[in-house]
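Novice: One structure coming up, written as structure tokens, with questions to follow.
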Amino acid sequence: TVLDATCLAGAAASLLALTIGPGTAAMLAQYAMHLSLFQVGQTFLHFQWDTLLLEVGFASILLAKPFVFASWRIRGTGGVGDGTGGGVKPPLSALFLVRWILFKLMFQSGVVKIQSDCPTWQKLTACHYHFATQCIPTPLAWHFAKLPSSVLKAFVAGTLWAEVAAPALILIPLGGVQRVAAALQIALQVSIIFTGNYNFFNLLTISLCLALLED
């Protein structure tokens, strides 16, 4: 079917971009195919991670090098697809867009918890239920659910701080500060991966943090 062909074509384009280099044309093709699936899937593909994938896909078009398949070589020489043979960096405007997407994702994730007016967030008891009620808990989730109440409350407080206050560090244009921001957000995502399976969502968020490591 057309849906199957679109999925296979997108997977093939992604594999080529990964091995040869994510040029602008390749990223545009992938974005267009995923946008088609997003529109057809409707409710089934309108989750937070699906929208994030579209946002990151669009940013990748601007971040990619202007060839069908090519890659930036930030250090060294002889960049793939670079006719000059010299190493060059992606545009700062594109890097800022990726950082903005990360900031928006984390800040909104925290604000929505506060605005929900849910007593489990207000009383810092969300983790008392989270590990047992999330979609696909890992074996470690059972052990985390048995931790003392004070520790679980500390987890909630730490999560709210990491999602509401810490994202401000992402927008500060200082290399050292942004590396700290990247470390904080990566630590949060890794902790989530340990206790729950959210497919590509956490890995995609971690990949956004890599934009903070480029001065």
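Each chain in the structure tokens gets a letter, A, B, ..., in the order shown, and its residues are numbered from 1; ligands are numbered from 1 in order too.
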Check stretch 18-200 of chain A with DSSP on the backbone and list each residue it calls strand (DSSP E or B), as a list in words.

Specialist: Gly23, Lys65, Pro137 and Gly196 of chain A

Novice: Which residues come within 8 Å of A:Gly196, counting only C-alpha atoms, excluding same-chain residues fewer than 4 positions away, as a list in words?

Specialist: Phe131, Gln134, Cys135, Ile136, Pro137, Thr138, Ala141 and Ile192 of chain A

Novice: Any idea what the distance is between atom CA of A:Pro91 and atom CA of A:Lys104?

Specialist: 20.3 Å

Novice: Using only C-alpha atoms, which residues of stretch 8-39 of chain A come within 9 Å of stretch 51-67 of chain A, and what is the closest atom pair for each, with the distance in Å to one decimal? Give it as a tab-separated table, sorted by chain and residue number.

Specialist:
```
residue	atom	partner	partner_atom	distance
A:Gly21	CA	A:Lys65	CA	8.6
A:Pro22	CA	A:Ala64	CA	6.0
A:Gly23	CA	A:Phe67	CA	4.8
A:Thr24	CA	A:Pro66	CA	4.9
A:Ala25	CA	A:Phe67	CA	6.3
A:Ala26	CA	A:Phe67	CA	8.1
A:Met27	CA	A:Ile61	CA	5.3
A:Leu28	CA	A:Ile61	CA	5.7
A:Gln30	CA	A:Gly57	CA	7.6
A:Tyr31	CA	A:Gly57	CA	5.5
A:His34	CA	A:Leu54	CA	7.3
A:Leu35	CA	A:Leu54	CA	6.9
A:Phe38	CA	A:Thr51	CA	8.5
```

Novice: If you run DSSP on this backbone, which residues of stretch 34-198 of chain A come out as alpha helix (DSSP H), and could you give them as number ranges by chain?

Specialist: A: 34-41, 48-63, 92-115, 119-122, 127-133, 139-145, 149-160, 175-195

Novice: For the residues in the current selection, export C-alpha atoms as a short mmCIF file (atom, residue, chain, number, x, y, z; two decimals), in the first residue's frame.

Specialist:
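Dumped everything to part.cif:
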```cif
data_model
loop_
_atom_site.label_atom_id
_atom_site.label_comp_id
_atom_site.auth_asym_id
_atom_site.auth_seq_id
_atom_site.Cartn_x
_atom_site.Cartn_y
_atom_site.Cartn_z
CA HIS A 34 6.53 11.81 8.01
CA LEU A 35 4.19 14.80 7.66
CA SER A 36 2.05 12.72 5.29
CA LEU A 37 1.86 9.88 7.81
CA PHE A 38 1.12 12.39 10.58
CA GLN A 39 -1.86 13.79 8.66
CA VAL A 40 -3.22 10.37 7.71
CA GLY A 41 -2.71 8.90 11.18
CA GLN A 48 3.60 14.92 21.97
CA TRP A 49 6.43 12.82 20.55
CA ASP A 50 4.91 12.82 17.06
CA THR A 51 4.72 16.61 17.03
CA LEU A 52 8.26 16.81 18.41
CA LEU A 53 9.51 14.58 15.60
CA LEU A 54 7.96 16.94 13.04
CA GLU A 55 9.50 19.99 14.70
CA VAL A 56 12.93 18.36 14.84
CA GLY A 57 12.54 17.13 11.26
CA PHE A 58 11.88 20.68 10.04
CA ALA A 59 14.84 22.02 12.04
CA SER A 60 17.02 19.29 10.53
CA ILE A 61 16.31 20.64 7.04
CA LEU A 62 17.82 23.97 8.07
CA LEU A 63 20.62 22.30 10.00
CA LEU A 92 24.19 29.25 14.21
CA SER A 93 20.57 30.17 13.45
CA ALA A 94 19.76 26.50 12.84
CA LEU A 95 21.54 25.48 16.04
CA PHE A 96 19.55 28.07 17.97
CA LEU A 97 16.32 26.68 16.51
CA VAL A 98 17.21 23.20 17.79
CA ARG A 99 18.02 24.66 21.21
CA TRP A 100 14.73 26.55 21.21
CA ILE A 101 12.82 23.34 20.46
CA LEU A 102 14.56 21.69 23.42
CA PHE A 103 13.77 24.64 25.68
CA LYS A 104 10.12 24.70 24.59
CA LEU A 105 9.74 20.96 25.06
CA MET A 106 11.16 20.89 28.58
CA PHE A 107 9.59 24.12 29.81
CA GLN A 108 6.12 23.21 28.52
CA SER A 109 6.47 19.71 29.99
CA GLY A 110 7.00 21.28 33.41
CA VAL A 111 4.44 24.07 33.12
CA VAL A 112 1.67 21.68 32.06
CA LYS A 113 2.24 19.68 35.25
CA ILE A 114 1.81 22.80 37.38
CA GLN A 115 -1.18 24.10 35.40
CA PRO A 119 -2.77 17.33 43.72
CA THR A 120 -0.10 14.69 43.03
CA TRP A 121 2.14 17.36 41.53
CA GLN A 122 1.21 19.98 44.10
CA CYS A 127 6.09 9.33 41.72
CA HIS A 128 4.11 7.38 44.32
CA TYR A 129 1.88 6.34 41.40
CA HIS A 130 3.97 7.01 38.29
CA PHE A 131 6.19 3.93 38.33
CA ALA A 132 3.22 1.56 38.58
CA THR A 133 0.88 3.34 36.17
CA PRO A 139 11.79 -4.14 35.71
CA LEU A 140 13.58 -1.35 37.60
CA ALA A 141 10.31 0.57 37.97
CA TRP A 142 9.08 -1.93 40.58
CA HIS A 143 12.13 -1.25 42.75
CA PHE A 144 11.82 2.52 42.35
CA ALA A 145 8.16 2.35 43.40
CA SER A 149 8.19 8.48 50.33
CA SER A 150 10.74 11.24 50.98
CA VAL A 151 12.92 9.98 48.13
CA LEU A 152 9.96 9.80 45.75
CA LYS A 153 8.99 13.36 46.65
CA ALA A 154 12.56 14.45 45.98
CA PHE A 155 12.29 12.86 42.52
CA VAL A 156 9.17 14.92 41.79
CA ALA A 157 10.75 18.13 43.06
CA GLY A 158 13.85 17.45 40.98
CA THR A 159 11.77 16.78 37.88
CA LEU A 160 9.83 20.03 38.26
CA GLY A 175 29.37 27.29 26.33
CA GLY A 176 29.94 26.24 29.94
CA VAL A 177 26.38 27.05 30.98
CA GLN A 178 24.88 25.22 28.01
CA ARG A 179 26.98 22.15 28.72
CA VAL A 180 25.59 22.12 32.25
CA ALA A 181 22.08 22.45 30.78
CA ALA A 182 22.77 19.52 28.46
CA ALA A 183 24.04 17.38 31.35
CA LEU A 184 20.94 18.13 33.44
CA GLN A 185 18.48 17.31 30.68
CA ILE A 186 20.35 14.18 29.60
CA ALA A 187 20.41 12.97 33.21
CA LEU A 188 16.64 13.46 33.43
CA GLN A 189 16.02 11.54 30.21
CA VAL A 190 18.32 8.68 31.21
CA SER A 191 16.52 8.37 34.55
CA ILE A 192 13.22 8.11 32.67
CA ILE A 193 14.65 5.45 30.34
CA PHE A 194 15.71 3.37 33.34
CA THR A 195 12.14 3.08 34.63
#
```

Novice: Mind pulling up the distance from atom CA of A:Glu214 to atom CA of A:Pro90?

Specialist: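 If I compute the distance from atom CA of A:Pro90 to atom CA of A:Glu214, I get 9.9 Å.
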